[in-house]
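Here is the structure we will look at.
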Protein chains: 2
Amino acid sequence: MRKGCTLWFTGLSGSGKSTLAQALEKKLRNREVNVEVLDGDVIRTNLSKGLGFSKEDRDINIRRIGFVCNLLTRNGVVAIAAAISPYKAIRGENRALVGKRFVEIYCECPLEELERRDPKGLYKKARAGEIKGFTGIDDPYEPPEHPEITINSMTETKEESLARILRTLELMGFIPPGPEATEIPPDEEETIKKKLGELGYL
Amino acid sequence: MRKGCTLWFTGLSGSGKSTLAQALEKKLRNREVNVEVLDGDVIRTNLSKGLGFSKEDRDINIRRIGFVCNLLTRNGVVAIAAAISPYKAIRGENRALVGKRFVEIYCECPLEELERRDPKGLYKKARAGEIKGFTGIDDPYEPPEHPEITINSMTETKEESLARILRTLELMGFIPPGPEATEIPPDEEETIKKKLGELGYL
């Protein structure tokens with residue numbers, strides 16, 4: 001049986017974590033991969049009801065997601081976490097727990113762009129002080145220093161991001177190839193291979 | 001791949017839940033079954049820190065264990081829960097969540113016997129009022145009405161209980177046969193088959 005992994009999406013609200021996680025889930029199910037998406041909302045309902053958004057409560061929430069991701073990963077499941085997870089130290093704890101099968105996917109996007117889009121009006125409310133402790137506004141976000149994958153919803157389409165994630169996971173050996181080859185530009189394939197070489201995967 | 005299941009141990013403190021869960025885990029690993037034990041203490045540390053022993057907090061804790069068992073079960077893992085889980089309604093919720101692959105194992109043992117053994121002195125403290133809300137003393141325990149398996153640590157040895165659980169799971173088709181046949185008395189084999197017939201498994 002193919003071994004599992006944890007795909008840990010991190011990034012500001014609106015940066016594309018849940019959207020990509022869901023699209024990825026669909027692609028992986030088509031490849032008959034066992035996959036579970038643990039997104040922030042599902043977890044807050046089922047594992048973390050009662051927790052708020054203080055640093056302490058956020059940390060507990062992120063540790064719980066890590067605990068479940070690890071249980072799934074060591075049983076051959078691709079566990080996809082999609083939560084802001086703003087603090088580097090706790091993401092690092094989860095990486096240490098899961099080990100070499102932890103793949104950090106940083107959803108990079110400038111705050112200005114996210115505030116411009118703001119489909120749910122959350123940034124506006126946070127700027128107006130109606131929401132307190134909103135990551136990126138009055139609560140910190142610590143970007144990853146060495147994410148395995150970085151995607152950027154301002155400079156690339158969802159399909160491009162998805163293809164790069166899939167191709168990277170194929171090259172890492174964490175997922176089987178799809179029915180059709182994953183199409184990414186040749187120069188990007190080279191960039192991925194170089195990066196995976198640096199990270200010790202290839 | 002063989003599909004998973006949830007083995008839900010329920011019973012009073014000291015009735016043998018954790019001991020049997022651990023012994024079962026070992027046996028199943030020997031059969032190359034993917035298995036995870038979610039025992040009350042592990043869960044209270046990793047998923048339920050901060051929760052107490054009020055009815056509400058107990059219910060949340062048991063629902064969380066059920067949520068994780070379901071994630072594991074639908075990905076082919078044998079998830080073993082070992083928690084007092086005193087309330088019938090919440091065990092029923094978890095059964096509904098997991099579906100046909102939920103196996104309730106009732107660890108029956110008279111309270112008098114548990115108080116006589118009391119290796120950790122917990123019952124004594126509960127009787128003295130030093131521990132409040134202790135299941136069986138000043139907090140209710142609602143035994144299951146139709147558990148798939150009942151074990152009794154007063155009338156049978158650990159090995160006998162274990163053999164009956166393994167044989168039942170084999171007959172249910174949830175685990176593969178072991179390297180050697182699971183030995184149980186012929187009349188007990190008949191009793192198990194009759195019970196599984198009534199429950200709709202055979």
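Identifiers in this document derive from the order of the structure tokens: chains are assigned A, B, ..., residues are numbered from 1 separately in each chain, and ligands are numbered from 1 in order of occurrence.
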
- request: Within 7 Å of chain B, which residues of chain A are there when counting only C-alpha atoms? Please give them as an NGL selection string.
  value: :A and (34 or 46-47 or 64 or 67 or 72 or 75)

For the residues in that selection, give me C-alpha atoms as a CSV table (one decimal), in the first residue's frame.
```
chain,number,residue,atom,x,y,z
A,34,ASN,CA,-7.4,7.7,0.3
A,46,ASN,CA,-16.0,18.6,15.5
A,47,LEU,CA,-12.8,18.9,17.5
A,64,ARG,CA,-5.3,18.9,17.2
A,67,PHE,CA,-2.7,15.0,15.8
A,72,LEU,CA,-4.3,9.4,9.1
A,75,ASN,CA,-2.3,4.7,8.1
```

query: Do you know which residues are at most 12 Å from segment 128-135 of chain B counting only C-alpha atoms, after dropping those on the same chain fewer than 3 positions away, and could you put them as a VMD selection string?
result: chain B and resid 10 to 15 52 to 55 57 to 58 83 to 87 111 114 121 to 125 138 to 143

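Among A:Ile137, A:Ile105, A:Val98, A:Leu171, the residue with the shortest atom-to-atom distance to Leu20 of chain A, counting only C-alpha atoms, is A:Ile105.
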
field: Surrounding residues of Arg95 of chain B excluding itself and chain neighbours under 3 positions, 12 Å, only C-alpha atoms, as a PyMOL selection string
entry: chain B and resi 5-8+62-63+65-67+69-70+73+88-92+98-104+144+146-148

Mind listing the helix (DSSP H, G or I) residues of segment 17-202 of chain A, per DSSP on the backbone, as a tab-separated table (two decimals) with N, CA and C atoms, in the first residue's frame?
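Generated file (part21.tsv):
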```tsv
chain	number	residue	atom	x	y	z
A	17	LYS	N	-6.60	28.44	0.36
A	17	LYS	CA	-6.34	27.16	1.01
A	17	LYS	C	-7.47	26.14	0.81
A	18	SER	N	-8.69	26.52	1.23
A	18	SER	CA	-9.81	25.57	1.19
A	18	SER	C	-10.18	25.22	-0.25
A	19	THR	N	-10.18	26.21	-1.11
A	19	THR	CA	-10.51	25.98	-2.52
A	19	THR	C	-9.56	24.96	-3.13
A	20	LEU	N	-8.27	25.18	-2.91
A	20	LEU	CA	-7.29	24.25	-3.46
A	20	LEU	C	-7.38	22.88	-2.81
A	21	ALA	N	-7.61	22.88	-1.49
A	21	ALA	CA	-7.71	21.60	-0.77
A	21	ALA	C	-8.84	20.76	-1.36
A	22	GLN	N	-9.97	21.40	-1.61
A	22	GLN	CA	-11.12	20.66	-2.15
A	22	GLN	C	-10.87	20.17	-3.57
A	23	ALA	N	-10.25	21.04	-4.38
A	23	ALA	CA	-9.95	20.64	-5.77
A	23	ALA	C	-8.95	19.48	-5.78
A	24	LEU	N	-8.01	19.55	-4.86
A	24	LEU	CA	-6.98	18.51	-4.76
A	24	LEU	C	-7.61	17.19	-4.31
A	25	GLU	N	-8.52	17.28	-3.34
A	25	GLU	CA	-9.22	16.09	-2.85
A	25	GLU	C	-9.88	15.35	-4.02
A	26	LYS	N	-10.55	16.11	-4.87
A	26	LYS	CA	-11.26	15.53	-6.01
A	26	LYS	C	-10.29	14.83	-6.96
A	27	LYS	N	-9.19	15.53	-7.26
A	27	LYS	CA	-8.18	14.95	-8.16
A	27	LYS	C	-7.61	13.66	-7.58
A	28	LEU	N	-7.38	13.66	-6.26
A	28	LEU	CA	-6.77	12.48	-5.64
A	28	LEU	C	-7.76	11.33	-5.58
A	29	ARG	N	-9.03	11.62	-5.32
A	29	ARG	CA	-10.03	10.55	-5.33
A	29	ARG	C	-10.10	9.90	-6.70
A	30	ASN	N	-9.96	10.70	-7.74
A	30	ASN	CA	-9.94	10.14	-9.10
A	30	ASN	C	-8.77	9.19	-9.31
A	40	GLY	N	-10.35	24.16	8.50
A	40	GLY	CA	-10.51	24.88	9.75
A	40	GLY	C	-11.94	24.80	10.30
A	41	ASP	N	-12.94	24.99	9.43
A	41	ASP	CA	-14.33	25.03	9.90
A	41	ASP	C	-14.79	23.66	10.40
A	42	VAL	N	-14.47	22.61	9.65
A	42	VAL	CA	-14.86	21.25	10.05
A	42	VAL	C	-14.27	20.92	11.41
A	43	ILE	N	-13.00	21.27	11.57
A	43	ILE	CA	-12.31	20.97	12.82
A	43	ILE	C	-12.88	21.78	13.98
A	44	ARG	N	-13.16	23.05	13.71
A	44	ARG	CA	-13.71	23.86	14.81
A	44	ARG	C	-15.08	23.34	15.24
A	45	THR	N	-15.82	22.75	14.33
A	45	THR	CA	-17.12	22.16	14.69
A	45	THR	C	-16.93	20.84	15.44
A	46	ASN	N	-16.05	19.98	14.94
A	46	ASN	CA	-16.00	18.61	15.45
A	46	ASN	C	-14.95	18.34	16.51
A	55	LYS	N	-4.05	33.41	20.88
A	55	LYS	CA	-2.89	32.61	20.46
A	55	LYS	C	-2.97	31.21	21.06
A	56	GLU	N	-3.32	31.13	22.32
A	56	GLU	CA	-3.36	29.83	22.98
A	56	GLU	C	-4.39	28.90	22.33
A	57	ASP	N	-5.58	29.43	22.08
A	57	ASP	CA	-6.63	28.60	21.48
A	57	ASP	C	-6.29	28.22	20.05
A	58	ARG	N	-5.70	29.14	19.30
A	58	ARG	CA	-5.28	28.81	17.94
A	58	ARG	C	-4.25	27.68	17.96
A	59	ASP	N	-3.33	27.78	18.90
A	59	ASP	CA	-2.28	26.75	19.00
A	59	ASP	C	-2.89	25.37	19.29
A	60	ILE	N	-3.83	25.34	20.24
A	60	ILE	CA	-4.47	24.06	20.57
A	60	ILE	C	-5.18	23.50	19.34
A	61	ASN	N	-5.90	24.37	18.64
A	61	ASN	CA	-6.63	23.95	17.44
A	61	ASN	C	-5.69	23.35	16.40
A	62	ILE	N	-4.58	24.03	16.16
A	62	ILE	CA	-3.63	23.57	15.13
A	62	ILE	C	-2.95	22.27	15.56
A	63	ARG	N	-2.66	22.15	16.85
A	63	ARG	CA	-2.08	20.89	17.34
A	63	ARG	C	-3.06	19.73	17.15
A	64	ARG	N	-4.34	19.98	17.40
A	64	ARG	CA	-5.34	18.91	17.22
A	64	ARG	C	-5.41	18.47	15.77
A	65	ILE	N	-5.38	19.43	14.86
A	65	ILE	CA	-5.41	19.06	13.44
A	65	ILE	C	-4.18	18.21	13.13
A	66	GLY	N	-3.04	18.61	13.69
A	66	GLY	CA	-1.80	17.85	13.48
A	66	GLY	C	-1.90	16.43	14.02
A	67	PHE	N	-2.50	16.30	15.19
A	67	PHE	CA	-2.67	14.98	15.81
A	67	PHE	C	-3.47	14.05	14.89
A	68	VAL	N	-4.58	14.57	14.35
A	68	VAL	CA	-5.43	13.76	13.48
A	68	VAL	C	-4.74	13.49	12.14
A	69	CYS	N	-4.07	14.51	11.60
A	69	CYS	CA	-3.31	14.31	10.34
A	69	CYS	C	-2.29	13.19	10.51
A	70	ASN	N	-1.63	13.17	11.65
A	70	ASN	CA	-0.62	12.14	11.88
A	70	ASN	C	-1.24	10.74	11.95
A	71	LEU	N	-2.37	10.62	12.64
A	71	LEU	CA	-3.07	9.32	12.71
A	71	LEU	C	-3.41	8.83	11.30
A	72	LEU	N	-3.91	9.75	10.48
A	72	LEU	CA	-4.31	9.37	9.12
A	72	LEU	C	-3.09	9.05	8.27
A	73	THR	N	-2.08	9.90	8.35
A	73	THR	CA	-0.88	9.73	7.52
A	73	THR	C	-0.22	8.38	7.76
A	88	LYS	N	4.54	29.86	13.13
A	88	LYS	CA	5.57	28.98	12.62
A	88	LYS	C	5.89	27.84	13.59
A	89	ALA	N	5.96	28.18	14.88
A	89	ALA	CA	6.39	27.17	15.87
A	89	ALA	C	5.44	25.97	15.90
A	90	ILE	N	4.14	26.23	15.83
A	90	ILE	CA	3.18	25.11	15.93
A	90	ILE	C	3.16	24.31	14.63
A	91	ARG	N	3.29	25.02	13.50
A	91	ARG	CA	3.42	24.26	12.25
A	91	ARG	C	4.66	23.37	12.33
A	92	GLY	N	5.71	23.91	12.92
A	92	GLY	CA	6.94	23.13	13.09
A	92	GLY	C	6.74	21.91	13.98
A	93	GLU	N	5.94	22.08	15.02
A	93	GLU	CA	5.63	20.93	15.90
A	93	GLU	C	4.93	19.83	15.11
A	94	ASN	N	3.99	20.23	14.28
A	94	ASN	CA	3.26	19.23	13.50
A	94	ASN	C	4.18	18.56	12.48
A	95	ARG	N	5.08	19.35	11.91
A	95	ARG	CA	6.06	18.77	10.99
A	95	ARG	C	6.91	17.72	11.72
A	96	ALA	N	7.32	18.06	12.93
A	96	ALA	CA	8.15	17.12	13.71
A	96	ALA	C	7.36	15.84	14.02
A	97	LEU	N	6.07	16.01	14.31
A	97	LEU	CA	5.21	14.86	14.64
A	97	LEU	C	5.06	13.93	13.44
A	98	VAL	N	4.77	14.51	12.29
A	98	VAL	CA	4.48	13.70	11.10
A	98	VAL	C	5.77	13.19	10.45
A	99	GLY	N	6.84	13.98	10.55
A	99	GLY	CA	8.12	13.55	9.98
A	99	GLY	C	8.24	13.88	8.50
A	100	LYS	N	8.97	13.02	7.76
A	100	LYS	CA	9.31	13.30	6.36
A	100	LYS	C	8.09	13.37	5.45
A	101	ARG	N	6.94	12.95	5.92
A	101	ARG	CA	5.76	12.95	5.06
A	101	ARG	C	4.89	14.19	5.27
A	111	LEU	N	-1.44	40.97	1.14
A	111	LEU	CA	-2.59	41.41	1.93
A	111	LEU	C	-3.46	42.40	1.15
A	112	GLU	N	-2.82	43.32	0.41
A	112	GLU	CA	-3.56	44.34	-0.35
A	112	GLU	C	-4.55	43.69	-1.32
A	113	GLU	N	-4.06	42.62	-1.97
A	113	GLU	CA	-4.90	41.90	-2.93
A	113	GLU	C	-6.08	41.22	-2.20
A	114	LEU	N	-5.79	40.62	-1.06
A	114	LEU	CA	-6.86	39.94	-0.30
A	114	LEU	C	-7.90	40.93	0.19
A	115	GLU	N	-7.42	42.11	0.59
A	115	GLU	CA	-8.37	43.13	1.05
A	115	GLU	C	-9.19	43.69	-0.12
A	116	ARG	N	-8.57	43.70	-1.29
A	116	ARG	CA	-9.28	44.18	-2.47
A	116	ARG	C	-10.42	43.20	-2.83
A	117	ARG	N	-10.12	41.90	-2.80
A	117	ARG	CA	-11.13	40.89	-3.13
A	117	ARG	C	-12.20	40.81	-2.04
A	122	LEU	N	-14.70	40.16	5.38
A	122	LEU	CA	-14.06	39.95	6.69
A	122	LEU	C	-12.95	40.96	6.96
A	123	TYR	N	-12.15	41.23	5.92
A	123	TYR	CA	-11.05	42.19	6.11
A	123	TYR	C	-11.60	43.58	6.44
A	124	LYS	N	-12.68	43.92	5.76
A	124	LYS	CA	-13.32	45.22	6.01
A	124	LYS	C	-13.75	45.32	7.48
A	125	LYS	N	-14.40	44.27	7.94
A	125	LYS	CA	-14.84	44.24	9.34
A	125	LYS	C	-13.66	44.30	10.30
A	126	ALA	N	-12.59	43.59	9.94
A	126	ALA	CA	-11.41	43.58	10.82
A	126	ALA	C	-10.79	44.98	10.86
A	127	ARG	N	-10.71	45.64	9.69
A	127	ARG	CA	-10.17	47.02	9.63
A	127	ARG	C	-11.03	47.97	10.46
A	158	LYS	N	-5.91	28.81	-10.59
A	158	LYS	CA	-6.12	27.66	-9.71
A	158	LYS	C	-5.60	26.39	-10.38
A	159	GLU	N	-5.83	26.25	-11.68
A	159	GLU	CA	-5.40	25.05	-12.41
A	159	GLU	C	-3.87	24.95	-12.41
A	160	GLU	N	-3.22	26.10	-12.58
A	160	GLU	CA	-1.75	26.08	-12.56
A	160	GLU	C	-1.22	25.67	-11.18
A	161	SER	N	-1.82	26.22	-10.14
A	161	SER	CA	-1.40	25.87	-8.77
A	161	SER	C	-1.59	24.37	-8.54
A	162	LEU	N	-2.75	23.90	-8.93
A	162	LEU	CA	-3.12	22.50	-8.71
A	162	LEU	C	-2.15	21.57	-9.44
A	163	ALA	N	-1.83	21.91	-10.69
A	163	ALA	CA	-0.91	21.08	-11.47
A	163	ALA	C	0.46	21.03	-10.80
A	164	ARG	N	0.91	22.19	-10.28
A	164	ARG	CA	2.23	22.19	-9.64
A	164	ARG	C	2.24	21.35	-8.37
A	165	ILE	N	1.15	21.44	-7.59
A	165	ILE	CA	1.07	20.62	-6.38
A	165	ILE	C	1.07	19.13	-6.75
A	166	LEU	N	0.23	18.76	-7.70
A	166	LEU	CA	0.14	17.34	-8.09
A	166	LEU	C	1.47	16.82	-8.60
A	167	ARG	N	2.12	17.63	-9.46
A	167	ARG	CA	3.39	17.17	-10.03
A	167	ARG	C	4.45	17.01	-8.94
A	168	THR	N	4.45	17.95	-8.00
A	168	THR	CA	5.42	17.86	-6.90
A	168	THR	C	5.19	16.59	-6.08
A	169	LEU	N	3.93	16.30	-5.77
A	169	LEU	CA	3.62	15.10	-4.98
A	169	LEU	C	3.95	13.82	-5.74
A	170	GLU	N	3.76	13.86	-7.07
A	170	GLU	CA	4.16	12.70	-7.88
A	170	GLU	C	5.67	12.48	-7.78
A	171	LEU	N	6.40	13.58	-7.95
A	171	LEU	CA	7.86	13.47	-7.91
A	171	LEU	C	8.37	13.05	-6.53
A	172	MET	N	7.65	13.47	-5.48
A	172	MET	CA	8.02	13.05	-4.13
A	172	MET	C	7.69	11.58	-3.90
A	186	PRO	N	7.85	22.89	-18.92
A	186	PRO	CA	9.12	22.17	-18.68
A	186	PRO	C	10.04	22.92	-17.71
A	187	ASP	N	10.10	24.24	-17.82
A	187	ASP	CA	11.00	24.96	-16.91
A	187	ASP	C	10.55	24.85	-15.47
A	188	GLU	N	9.21	24.73	-15.30
A	188	GLU	CA	8.70	24.59	-13.93
A	188	GLU	C	9.04	23.21	-13.36
A	189	GLU	N	8.96	22.21	-14.21
A	189	GLU	CA	9.36	20.86	-13.82
A	189	GLU	C	10.80	20.86	-13.31
A	190	GLU	N	11.65	21.59	-14.02
A	190	GLU	CA	13.06	21.69	-13.61
A	190	GLU	C	13.18	22.37	-12.26
A	191	THR	N	12.41	23.46	-12.09
A	191	THR	CA	12.43	24.20	-10.82
A	191	THR	C	12.01	23.31	-9.65
A	192	ILE	N	10.94	22.54	-9.88
A	192	ILE	CA	10.46	21.63	-8.83
A	192	ILE	C	11.54	20.61	-8.48
A	193	LYS	N	12.14	20.02	-9.51
A	193	LYS	CA	13.16	18.99	-9.26
A	193	LYS	C	14.34	19.55	-8.49
A	194	LYS	N	14.73	20.78	-8.86
A	194	LYS	CA	15.85	21.42	-8.18
A	194	LYS	C	15.51	21.60	-6.69
A	195	LYS	N	14.32	22.12	-6.45
A	195	LYS	CA	13.86	22.37	-5.09
A	195	LYS	C	13.79	21.06	-4.28
A	196	LEU	N	13.23	20.02	-4.89
A	196	LEU	CA	13.12	18.74	-4.16
A	196	LEU	C	14.51	18.14	-3.90
A	197	GLY	N	15.43	18.41	-4.81
A	197	GLY	CA	16.81	17.98	-4.58
A	197	GLY	C	17.39	18.68	-3.36
A	198	GLU	N	17.15	19.98	-3.28
A	198	GLU	CA	17.65	20.76	-2.13
A	198	GLU	C	17.03	20.27	-0.82
```

Please report, as an mmCIF file with N, CA and C atoms, in the first residue's frame, each residue of segment 10-150 of chain A to which DSSP assigns strand (DSSP E or B) when run on this structure's backbone.
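Listing of result.cif after writing:
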```cif
data_model
loop_
_atom_site.group_PDB
_atom_site.id
_atom_site.type_symbol
_atom_site.label_atom_id
_atom_site.label_comp_id
_atom_site.auth_asym_id
_atom_site.auth_seq_id
_atom_site.Cartn_x
_atom_site.Cartn_y
_atom_site.Cartn_z
ATOM 1 N N THR A 10 -1.131 26.519 4.458
ATOM 2 C CA THR A 10 -1.104 27.652 5.384
ATOM 3 C C THR A 10 -1.133 28.964 4.595
ATOM 4 N N VAL A 35 -8.098 9.910 0.874
ATOM 5 C CA VAL A 35 -7.815 11.307 1.194
ATOM 6 C C VAL A 35 -8.880 11.861 2.140
ATOM 7 N N GLU A 36 -8.453 12.712 3.061
ATOM 8 C CA GLU A 36 -9.369 13.403 3.962
ATOM 9 C C GLU A 36 -8.967 14.873 4.033
ATOM 10 N N VAL A 37 -9.956 15.757 3.931
ATOM 11 C CA VAL A 37 -9.686 17.185 4.103
ATOM 12 C C VAL A 37 -10.107 17.609 5.505
ATOM 13 N N LEU A 38 -9.176 18.155 6.253
ATOM 14 C CA LEU A 38 -9.482 18.695 7.582
ATOM 15 C C LEU A 38 -9.398 20.202 7.471
ATOM 16 N N ASP A 39 -10.515 20.816 7.168
ATOM 17 C CA ASP A 39 -10.400 22.271 7.054
ATOM 18 C C ASP A 39 -10.823 22.940 8.338
ATOM 19 N N VAL A 78 -3.806 10.361 2.600
ATOM 20 C CA VAL A 78 -3.343 11.722 2.338
ATOM 21 C C VAL A 78 -4.258 12.655 3.124
ATOM 22 N N ALA A 79 -3.731 13.228 4.197
ATOM 23 C CA ALA A 79 -4.498 14.135 5.052
ATOM 24 C C ALA A 79 -4.209 15.560 4.607
ATOM 25 N N ILE A 80 -5.250 16.284 4.239
ATOM 26 C CA ILE A 80 -5.071 17.661 3.777
ATOM 27 C C ILE A 80 -5.610 18.617 4.835
ATOM 28 N N ALA A 81 -4.736 19.421 5.420
ATOM 29 C CA ALA A 81 -5.151 20.409 6.406
ATOM 30 C C ALA A 81 -5.236 21.774 5.734
ATOM 31 N N ALA A 82 -6.320 22.461 5.967
ATOM 32 C CA ALA A 82 -6.461 23.811 5.407
ATOM 33 C C ALA A 82 -6.923 24.740 6.515
ATOM 34 N N PHE A 102 5.487 15.231 5.808
ATOM 35 C CA PHE A 102 4.792 16.503 6.018
ATOM 36 C C PHE A 102 5.160 17.448 4.878
ATOM 37 N N VAL A 103 4.168 17.898 4.143
ATOM 38 C CA VAL A 103 4.405 18.782 2.996
ATOM 39 C C VAL A 103 3.701 20.111 3.264
ATOM 40 N N GLU A 104 4.497 21.161 3.442
ATOM 41 C CA GLU A 104 3.912 22.464 3.748
ATOM 42 C C GLU A 104 3.643 23.206 2.438
ATOM 43 N N ILE A 105 2.418 23.639 2.266
ATOM 44 C CA ILE A 105 2.037 24.356 1.045
ATOM 45 C C ILE A 105 1.626 25.774 1.437
ATOM 46 N N TYR A 106 2.470 26.701 1.060
ATOM 47 C CA TYR A 106 2.244 28.096 1.456
ATOM 48 C C TYR A 106 1.416 28.804 0.390
ATOM 49 N N CYS A 107 0.242 29.274 0.780
ATOM 50 C CA CYS A 107 -0.608 30.047 -0.132
ATOM 51 C C CYS A 107 -0.274 31.519 0.055
ATOM 52 N N GLU A 108 0.609 31.976 -0.823
ATOM 53 C CA GLU A 108 1.116 33.345 -0.726
ATOM 54 C C GLU A 108 0.179 34.284 -1.498
ATOM 55 N N THR A 135 -6.132 37.592 11.605
ATOM 56 C CA THR A 135 -4.771 37.366 11.107
ATOM 57 C C THR A 135 -4.458 38.277 9.910
ATOM 58 N N ASP A 139 -3.483 40.646 14.088
ATOM 59 C CA ASP A 139 -2.908 39.414 14.633
ATOM 60 C C ASP A 139 -1.858 38.964 13.632
ATOM 61 N N ILE A 149 6.119 23.636 -1.084
ATOM 62 C CA ILE A 149 5.440 24.176 -2.260
ATOM 63 C C ILE A 149 4.914 25.575 -1.919
ATOM 64 N N THR A 150 5.039 26.503 -2.853
ATOM 65 C CA THR A 150 4.429 27.817 -2.679
ATOM 66 C C THR A 150 3.481 28.057 -3.848
#
```

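For the pair atom CA of Gly4 of chain A and atom CA of Gly173 of chain A, the interatomic distance is 10.2 Å.
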
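What separates atom CA of Ile175 of chain B from atom CA of Ser153 of chain B is a distance of 23.5 Å.
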
query: What is the atom CA of Glu145 of chain B to atom CA of Pro110 of chain B distance in Å?
result: 16.2 Å

Minimum-distance residue to Gly16 of chain B, chosen among B:Pro176, B:Gly136, B:Cys109, B:Pro119 (using only C-alpha atoms): B:Cys109
